[in-house]
$ cat run.txt   # compact mmCIF, N, CA and C atoms
# COMPACT_ATOMS: atom_id res chain seq x y z
N MET A 31 0.85 -1.18 0.00
CA MET A 31 0.00 0.00 0.00
C MET A 31 0.90 1.24 0.00
N ILE A 32 0.68 2.10 -0.95
CA ILE A 32 1.45 3.33 -1.05
C ILE A 32 0.47 4.50 -1.18
N GLY A 33 0.38 5.32 -0.17
CA GLY A 33 -0.43 6.54 -0.25
C GLY A 33 -1.92 6.33 -0.33
N GLY A 34 -2.42 5.25 0.23
CA GLY A 34 -3.86 5.01 0.18
C GLY A 34 -4.28 4.11 1.32
N THR A 35 -5.51 3.64 1.27
CA THR A 35 -6.03 2.76 2.31
C THR A 35 -6.19 1.33 1.84
N ASP A 36 -5.80 1.05 0.59
CA ASP A 36 -5.90 -0.29 0.00
C ASP A 36 -7.35 -0.77 -0.06
N ALA A 37 -8.30 0.17 -0.16
CA ALA A 37 -9.72 -0.17 -0.21
C ALA A 37 -10.23 -0.33 -1.64
N GLY A 38 -9.39 -0.11 -2.61
CA GLY A 38 -9.82 -0.23 -4.00
C GLY A 38 -8.61 -0.46 -4.89
N PRO A 39 -8.85 -0.49 -6.20
CA PRO A 39 -7.73 -0.73 -7.11
C PRO A 39 -6.75 0.44 -7.11
N SER A 40 -5.51 0.11 -7.38
CA SER A 40 -4.49 1.16 -7.48
C SER A 40 -4.66 1.89 -8.80
N PRO A 41 -4.15 3.11 -8.91
CA PRO A 41 -4.18 3.79 -10.20
C PRO A 41 -3.49 2.99 -11.30
N ALA A 42 -2.39 2.32 -10.98
CA ALA A 42 -1.70 1.51 -11.98
C ALA A 42 -2.56 0.32 -12.41
N GLY A 43 -3.23 -0.30 -11.47
CA GLY A 43 -4.14 -1.41 -11.79
C GLY A 43 -5.32 -0.94 -12.63
N THR A 44 -5.83 0.23 -12.31
CA THR A 44 -6.93 0.81 -13.09
C THR A 44 -6.49 1.11 -14.52
N PHE A 45 -5.26 1.57 -14.67
CA PHE A 45 -4.70 1.84 -15.99
C PHE A 45 -4.66 0.56 -16.83
N LEU A 46 -4.17 -0.53 -16.24
CA LEU A 46 -4.12 -1.81 -16.95
C LEU A 46 -5.52 -2.31 -17.27
N ALA A 47 -6.44 -2.15 -16.34
CA ALA A 47 -7.83 -2.56 -16.58
C ALA A 47 -8.46 -1.76 -17.71
N ALA A 48 -8.09 -0.48 -17.83
CA ALA A 48 -8.61 0.35 -18.92
C ALA A 48 -8.15 -0.18 -20.27
N ILE A 49 -6.91 -0.66 -20.34
CA ILE A 49 -6.42 -1.25 -21.58
C ILE A 49 -7.26 -2.47 -21.94
N GLY A 50 -7.43 -3.38 -20.98
CA GLY A 50 -8.20 -4.59 -21.23
C GLY A 50 -9.65 -4.31 -21.57
N GLY A 51 -10.27 -3.39 -20.85
CA GLY A 51 -11.66 -3.04 -21.12
C GLY A 51 -11.85 -2.45 -22.50
N CYS A 52 -10.94 -1.60 -22.90
CA CYS A 52 -11.02 -0.97 -24.22
C CYS A 52 -10.78 -2.01 -25.32
N GLU A 53 -9.85 -2.92 -25.08
CA GLU A 53 -9.59 -3.98 -26.06
C GLU A 53 -10.83 -4.86 -26.23
N ILE A 54 -11.50 -5.18 -25.15
CA ILE A 54 -12.72 -6.00 -25.24
C ILE A 54 -13.80 -5.26 -26.02
N ALA A 55 -14.03 -3.99 -25.69
CA ALA A 55 -15.06 -3.21 -26.39
C ALA A 55 -14.73 -3.07 -27.87
N THR A 56 -13.46 -2.81 -28.18
CA THR A 56 -13.04 -2.64 -29.57
C THR A 56 -13.15 -3.95 -30.33
N CYS A 57 -12.75 -5.05 -29.69
CA CYS A 57 -12.83 -6.37 -30.33
C CYS A 57 -14.29 -6.74 -30.60
N THR A 58 -15.16 -6.49 -29.66
CA THR A 58 -16.58 -6.81 -29.83
C THR A 58 -17.18 -6.01 -30.98
N PHE A 59 -16.83 -4.71 -31.05
CA PHE A 59 -17.32 -3.87 -32.14
C PHE A 59 -16.87 -4.43 -33.48
N TRP A 60 -15.55 -4.70 -33.61
CA TRP A 60 -15.03 -5.15 -34.90
C TRP A 60 -15.50 -6.56 -35.24
N ALA A 61 -15.77 -7.38 -34.26
CA ALA A 61 -16.33 -8.71 -34.54
C ALA A 61 -17.68 -8.57 -35.23
N SER A 62 -18.48 -7.62 -34.77
CA SER A 62 -19.79 -7.42 -35.42
C SER A 62 -19.61 -6.84 -36.83
N GLN A 63 -18.64 -5.99 -37.04
CA GLN A 63 -18.39 -5.41 -38.36
C GLN A 63 -17.86 -6.44 -39.36
N LEU A 64 -17.06 -7.37 -38.86
CA LEU A 64 -16.43 -8.37 -39.73
C LEU A 64 -17.20 -9.70 -39.76
N ASP A 65 -18.32 -9.73 -39.06
CA ASP A 65 -19.15 -10.93 -38.97
C ASP A 65 -18.35 -12.11 -38.40
N VAL A 66 -17.62 -11.85 -37.32
CA VAL A 66 -16.87 -12.89 -36.62
C VAL A 66 -17.68 -13.28 -35.38
N LYS A 67 -17.90 -14.57 -35.22
CA LYS A 67 -18.64 -15.06 -34.06
C LYS A 67 -17.67 -15.31 -32.92
N ILE A 68 -17.91 -14.65 -31.80
CA ILE A 68 -17.09 -14.85 -30.60
C ILE A 68 -17.91 -15.64 -29.59
N GLU A 69 -17.40 -16.81 -29.24
CA GLU A 69 -18.06 -17.62 -28.22
C GLU A 69 -17.56 -17.24 -26.83
N SER A 70 -16.30 -16.90 -26.73
CA SER A 70 -15.75 -16.39 -25.48
C SER A 70 -14.51 -15.55 -25.80
N LEU A 71 -14.29 -14.57 -24.94
CA LEU A 71 -13.15 -13.66 -25.11
C LEU A 71 -12.59 -13.33 -23.74
N ASP A 72 -11.30 -13.57 -23.58
CA ASP A 72 -10.63 -13.25 -22.32
C ASP A 72 -9.36 -12.48 -22.65
N ILE A 73 -9.25 -11.31 -22.09
CA ILE A 73 -8.05 -10.49 -22.30
C ILE A 73 -7.43 -10.22 -20.94
N THR A 74 -6.18 -10.61 -20.81
CA THR A 74 -5.44 -10.40 -19.57
C THR A 74 -4.32 -9.40 -19.83
N VAL A 75 -4.27 -8.37 -19.00
CA VAL A 75 -3.24 -7.34 -19.15
C VAL A 75 -2.43 -7.30 -17.86
N LYS A 76 -1.12 -7.42 -18.02
CA LYS A 76 -0.22 -7.36 -16.86
C LYS A 76 0.87 -6.34 -17.15
N GLY A 77 1.37 -5.73 -16.10
CA GLY A 77 2.43 -4.76 -16.25
C GLY A 77 3.53 -4.96 -15.24
N LYS A 78 4.75 -4.67 -15.68
CA LYS A 78 5.91 -4.73 -14.78
C LYS A 78 6.23 -3.30 -14.37
N LEU A 79 6.21 -3.06 -13.08
CA LEU A 79 6.38 -1.72 -12.54
C LEU A 79 7.32 -1.78 -11.34
N ASP A 80 8.34 -0.95 -11.34
CA ASP A 80 9.25 -0.84 -10.20
C ASP A 80 8.81 0.37 -9.38
N VAL A 81 8.21 0.13 -8.21
CA VAL A 81 7.68 1.23 -7.40
C VAL A 81 8.77 2.16 -6.88
N ASN A 82 10.03 1.71 -6.92
CA ASN A 82 11.12 2.58 -6.47
C ASN A 82 11.22 3.83 -7.34
N GLY A 83 10.84 3.72 -8.60
CA GLY A 83 10.84 4.90 -9.47
C GLY A 83 9.85 5.94 -8.99
N MET A 84 8.66 5.50 -8.57
CA MET A 84 7.65 6.42 -8.05
C MET A 84 8.11 7.03 -6.72
N LEU A 85 8.75 6.21 -5.91
CA LEU A 85 9.19 6.67 -4.59
C LEU A 85 10.45 7.52 -4.66
N GLY A 86 11.14 7.47 -5.82
CA GLY A 86 12.36 8.25 -5.97
C GLY A 86 13.55 7.69 -5.23
N THR A 87 13.47 6.41 -4.84
CA THR A 87 14.57 5.81 -4.09
C THR A 87 15.67 5.26 -4.99
N THR A 88 15.36 5.12 -6.29
CA THR A 88 16.37 4.69 -7.27
C THR A 88 16.12 5.51 -8.55
N ASP A 89 16.93 5.24 -9.54
CA ASP A 89 16.76 5.89 -10.84
C ASP A 89 15.79 5.13 -11.74
N ALA A 90 15.06 4.18 -11.18
CA ALA A 90 14.11 3.39 -11.97
C ALA A 90 13.04 4.30 -12.58
N LYS A 91 12.58 3.91 -13.74
CA LYS A 91 11.53 4.65 -14.43
C LYS A 91 10.25 4.62 -13.57
N PRO A 92 9.61 5.77 -13.34
CA PRO A 92 8.38 5.79 -12.53
C PRO A 92 7.15 5.44 -13.37
N GLY A 93 7.24 4.38 -14.13
CA GLY A 93 6.14 3.93 -14.96
C GLY A 93 6.37 2.48 -15.33
N PHE A 94 5.47 1.95 -16.11
CA PHE A 94 5.60 0.55 -16.50
C PHE A 94 6.81 0.34 -17.39
N GLU A 95 7.57 -0.71 -17.07
CA GLU A 95 8.71 -1.11 -17.89
C GLU A 95 8.24 -1.99 -19.04
N LYS A 96 7.17 -2.75 -18.79
CA LYS A 96 6.65 -3.68 -19.78
C LYS A 96 5.18 -3.93 -19.51
N ILE A 97 4.40 -3.98 -20.57
CA ILE A 97 2.98 -4.34 -20.47
C ILE A 97 2.75 -5.51 -21.42
N THR A 98 2.13 -6.58 -20.92
CA THR A 98 1.82 -7.72 -21.77
C THR A 98 0.31 -7.90 -21.84
N ILE A 99 -0.16 -8.20 -23.03
CA ILE A 99 -1.59 -8.44 -23.26
C ILE A 99 -1.72 -9.83 -23.84
N LYS A 100 -2.52 -10.67 -23.19
CA LYS A 100 -2.78 -12.02 -23.68
C LYS A 100 -4.27 -12.10 -24.04
N ILE A 101 -4.53 -12.49 -25.26
CA ILE A 101 -5.90 -12.57 -25.77
C ILE A 101 -6.24 -14.03 -26.01
N LYS A 102 -7.32 -14.47 -25.41
CA LYS A 102 -7.81 -15.83 -25.60
C LYS A 102 -9.22 -15.71 -26.19
N ILE A 103 -9.38 -16.18 -27.42
CA ILE A 103 -10.65 -16.03 -28.10
C ILE A 103 -11.12 -17.39 -28.60
N LYS A 104 -12.37 -17.71 -28.33
CA LYS A 104 -12.98 -18.94 -28.81
C LYS A 104 -13.97 -18.56 -29.91
N SER A 105 -13.77 -19.15 -31.08
CA SER A 105 -14.60 -18.81 -32.23
C SER A 105 -14.59 -19.95 -33.23
N PRO A 106 -15.71 -20.19 -33.89
CA PRO A 106 -15.73 -21.22 -34.94
C PRO A 106 -15.15 -20.71 -36.26
N ASP A 107 -14.84 -19.43 -36.33
CA ASP A 107 -14.33 -18.84 -37.56
C ASP A 107 -12.88 -19.26 -37.82
N PRO A 108 -12.45 -19.21 -39.09
CA PRO A 108 -11.08 -19.61 -39.42
C PRO A 108 -10.05 -18.64 -38.85
N PRO A 109 -8.82 -19.13 -38.65
CA PRO A 109 -7.76 -18.28 -38.09
C PRO A 109 -7.54 -16.98 -38.85
N GLU A 110 -7.71 -16.99 -40.16
CA GLU A 110 -7.52 -15.77 -40.96
C GLU A 110 -8.47 -14.66 -40.51
N LYS A 111 -9.72 -15.04 -40.22
CA LYS A 111 -10.70 -14.03 -39.77
C LYS A 111 -10.36 -13.53 -38.37
N ILE A 112 -9.88 -14.43 -37.52
CA ILE A 112 -9.51 -14.03 -36.16
C ILE A 112 -8.30 -13.11 -36.22
N ASN A 113 -7.33 -13.43 -37.07
CA ASN A 113 -6.16 -12.55 -37.22
C ASN A 113 -6.56 -11.17 -37.70
N GLU A 114 -7.51 -11.11 -38.65
CA GLU A 114 -7.99 -9.82 -39.14
C GLU A 114 -8.68 -9.04 -38.01
N LEU A 115 -9.46 -9.76 -37.21
CA LEU A 115 -10.14 -9.13 -36.08
C LEU A 115 -9.13 -8.54 -35.09
N ILE A 116 -8.11 -9.30 -34.75
CA ILE A 116 -7.10 -8.83 -33.79
C ILE A 116 -6.35 -7.64 -34.36
N GLU A 117 -6.04 -7.67 -35.64
CA GLU A 117 -5.37 -6.52 -36.28
C GLU A 117 -6.23 -5.27 -36.19
N LYS A 118 -7.53 -5.41 -36.45
CA LYS A 118 -8.44 -4.25 -36.36
C LYS A 118 -8.51 -3.75 -34.92
N MET A 119 -8.58 -4.67 -33.97
CA MET A 119 -8.65 -4.29 -32.57
C MET A 119 -7.41 -3.50 -32.17
N GLU A 120 -6.24 -4.00 -32.53
CA GLU A 120 -5.00 -3.31 -32.17
C GLU A 120 -4.88 -1.96 -32.86
N LYS A 121 -5.35 -1.87 -34.08
CA LYS A 121 -5.25 -0.62 -34.84
C LYS A 121 -6.23 0.44 -34.32
N HIS A 122 -7.39 0.03 -33.83
CA HIS A 122 -8.45 0.98 -33.51
C HIS A 122 -8.76 1.16 -32.03
N CYS A 123 -8.06 0.47 -31.15
CA CYS A 123 -8.30 0.62 -29.71
C CYS A 123 -7.70 1.95 -29.24
N PRO A 124 -8.53 2.92 -28.82
CA PRO A 124 -7.99 4.23 -28.46
C PRO A 124 -7.07 4.22 -27.24
N VAL A 125 -7.34 3.39 -26.25
CA VAL A 125 -6.47 3.37 -25.07
C VAL A 125 -5.12 2.76 -25.44
N LEU A 126 -5.13 1.65 -26.15
CA LEU A 126 -3.88 1.03 -26.57
C LEU A 126 -3.07 1.99 -27.44
N ASN A 127 -3.73 2.66 -28.36
CA ASN A 127 -3.02 3.57 -29.25
C ASN A 127 -2.52 4.82 -28.55
N SER A 128 -3.12 5.18 -27.43
CA SER A 128 -2.62 6.30 -26.64
C SER A 128 -1.31 5.94 -25.94
N ILE A 129 -1.06 4.63 -25.81
CA ILE A 129 0.21 4.17 -25.24
C ILE A 129 1.25 4.04 -26.35
N ILE A 130 0.83 3.45 -27.46
CA ILE A 130 1.75 3.23 -28.57
C ILE A 130 2.24 4.56 -29.15
N THR A 131 1.31 5.48 -29.34
CA THR A 131 1.64 6.81 -29.85
C THR A 131 1.10 7.82 -28.85
N PRO A 132 1.91 8.20 -27.86
CA PRO A 132 1.40 9.09 -26.80
C PRO A 132 0.87 10.41 -27.35
N PRO A 133 -0.26 10.86 -26.81
CA PRO A 133 -0.80 12.15 -27.22
C PRO A 133 0.00 13.29 -26.60
N LYS A 134 -0.22 14.49 -27.10
CA LYS A 134 0.38 15.66 -26.45
C LYS A 134 -0.28 15.78 -25.09
N LEU A 135 0.51 16.08 -24.10
CA LEU A 135 0.01 16.17 -22.73
C LEU A 135 0.24 17.57 -22.21
N GLU A 136 -0.81 18.17 -21.71
CA GLU A 136 -0.71 19.49 -21.10
C GLU A 136 -1.14 19.37 -19.65
N VAL A 137 -0.30 19.84 -18.75
CA VAL A 137 -0.60 19.81 -17.32
C VAL A 137 -0.58 21.23 -16.81
N SER A 138 -1.60 21.58 -16.06
CA SER A 138 -1.62 22.89 -15.43
C SER A 138 -2.01 22.69 -13.97
N HIS A 139 -1.70 23.68 -13.16
CA HIS A 139 -2.10 23.57 -11.77
C HIS A 139 -2.52 24.95 -11.27
N GLN A 140 -3.28 24.93 -10.21
CA GLN A 140 -3.73 26.16 -9.57
C GLN A 140 -3.66 25.94 -8.07
N GLN A 141 -2.99 26.82 -7.40
CA GLN A 141 -2.94 26.74 -5.95
C GLN A 141 -4.12 27.49 -5.38
N VAL A 142 -4.82 26.85 -4.46
CA VAL A 142 -5.95 27.47 -3.79
C VAL A 142 -5.57 27.65 -2.34
N ASN A 143 -5.63 28.88 -1.87
CA ASN A 143 -5.26 29.14 -0.48
C ASN A 143 -6.38 28.71 0.44
N SER A 144 -6.00 28.19 1.59
CA SER A 144 -7.01 27.74 2.55
C SER A 144 -7.44 28.85 3.47
$ encode --input "run.txt" --output "structure tokens"
Amino acid sequence: MIGGTDAGPSPAGTFLAAIGGCEIATCTFWASQLDVKIESLDITVKGKLDVNGMLGTTDAKPGFEKITIKIKIKSPDPPEKINELIEKMEKHCPVLNSIITPPKLEVSHQQVNS
């Protein structure tokens, strides 16, 4: 537990869940567009993170070093159609693509006196 009460998911865990959730939504959309029948879909997203980077105790990167996505899909369709579906999902998933090609980021702050 770092800086919280451990009563819910961590921000890093929520980030990984957002990737998986977006991949599922994108895959489901493209399955309907490509007429691919999905009997079951399981997407697991894991990340390697060194918390020392966040804590500033080492020079470790304060972010994920590696993210792995494992897709398990059950379908009666041929592998060629499934490969096309996965390609569309990877190309059109907005959360995944925000990682692959980071957007411009603007941060501002305002101090409010108490």
$ select_by_dssp --input "run.txt" --residues "chain A" --states "strand (DSSP E)" --output "list in words"
Ser70, Leu71, Asp72, Ile73, Thr74, Val75, Lys76, Gly77, Lys78, Leu79, Phe94, Glu95, Lys96, Ile97, Thr98, Ile99, Lys100, Ile101, Lys102, Ile103 and Lys104 of chain A
$ closest_residue --input "run.txt" --among "A:Leu115, A:Leu64, A:Leu71, A:Leu126" --to "A:Ile101" --atoms "all atoms listed in the file"
A:Leu71
$ residues_around --input "run.txt" --residues "A:His122" --least-positions-apart "6" --cutoff "10 Å" --atoms "only C-alpha atoms" --output "number ranges by chain"
A: 52-53, 56-57, 60, 116
$ atom_distance --input "run.txt" --atom1 "atom N of A:Ser70" --atom2 "atom CA of A:Ser105"
6.1 Å
$ select_by_dssp --input "run.txt" --residues "stretch 65-103 of chain A" --states "alpha helix (DSSP H)" --output "JSON, numbers by chain"
{"A": [81, 82, 83, 84, 85]}
$ atom_distance --input "run.txt" --atom1 "atom C of A:Val125" --atom2 "atom N of A:Thr58"
14.3 Å
$ atom_distance --input "run.txt" --atom1 "atom CA of A:Asp72" --atom2 "atom CA of A:Lys102"
5.0 Å
$ closest_residue --input "run.txt" --among "A:Lys111, A:Gly86, A:Ser128, A:Gln140" --to "A:Lys67" --atoms "only C-alpha atoms"
A:Lys111
$ closest_atom_pairs --input "run.txt" --of "stretch 45-80 of chain A" --to "stretch 37-41 of chain A" --cutoff "12 Å" --atoms "only C-alpha atoms" --output "CSV"
residue,atom,partner,partner_atom,distance
A:Phe45,CA,A:Pro41,CA,6.1
A:Leu46,CA,A:Pro41,CA,8.8
A:Ala47,CA,A:Pro39,CA,9.6
A:Ala48,CA,A:Pro41,CA,10.4
$ closest_residue --input "run.txt" --among "A:Ile103, A:Val81, A:Ile129, A:Ile49" --to "A:Glu69" --atoms "all atoms listed in the file"
A:Ile103
$ closest_residue --input "run.txt" --among "A:Ile97, A:Ala55, A:Val142, A:Lys118" --to "A:Ile130" --atoms "only C-alpha atoms"
A:Ile97
$ closest_residue --input "run.txt" --among "A:Glu117, A:Lys104, A:Leu135, A:Cys123" --to "A:Gly51" --atoms "only C-alpha atoms"
A:Cys123
$ closest_residue --input "run.txt" --among "A:Asn113, A:Ser138, A:Ser144, A:Thr98" --to "A:Ala61" --atoms "only C-alpha atoms"
A:Asn113
$ residues_around --input "run.txt" --residues "A:Lys78" --least-positions-apart "4" --cutoff "7 Å" --atoms "only C-alpha atoms" --output "list in words"
Phe94, Glu95, Lys96 and Ile97 of chain A
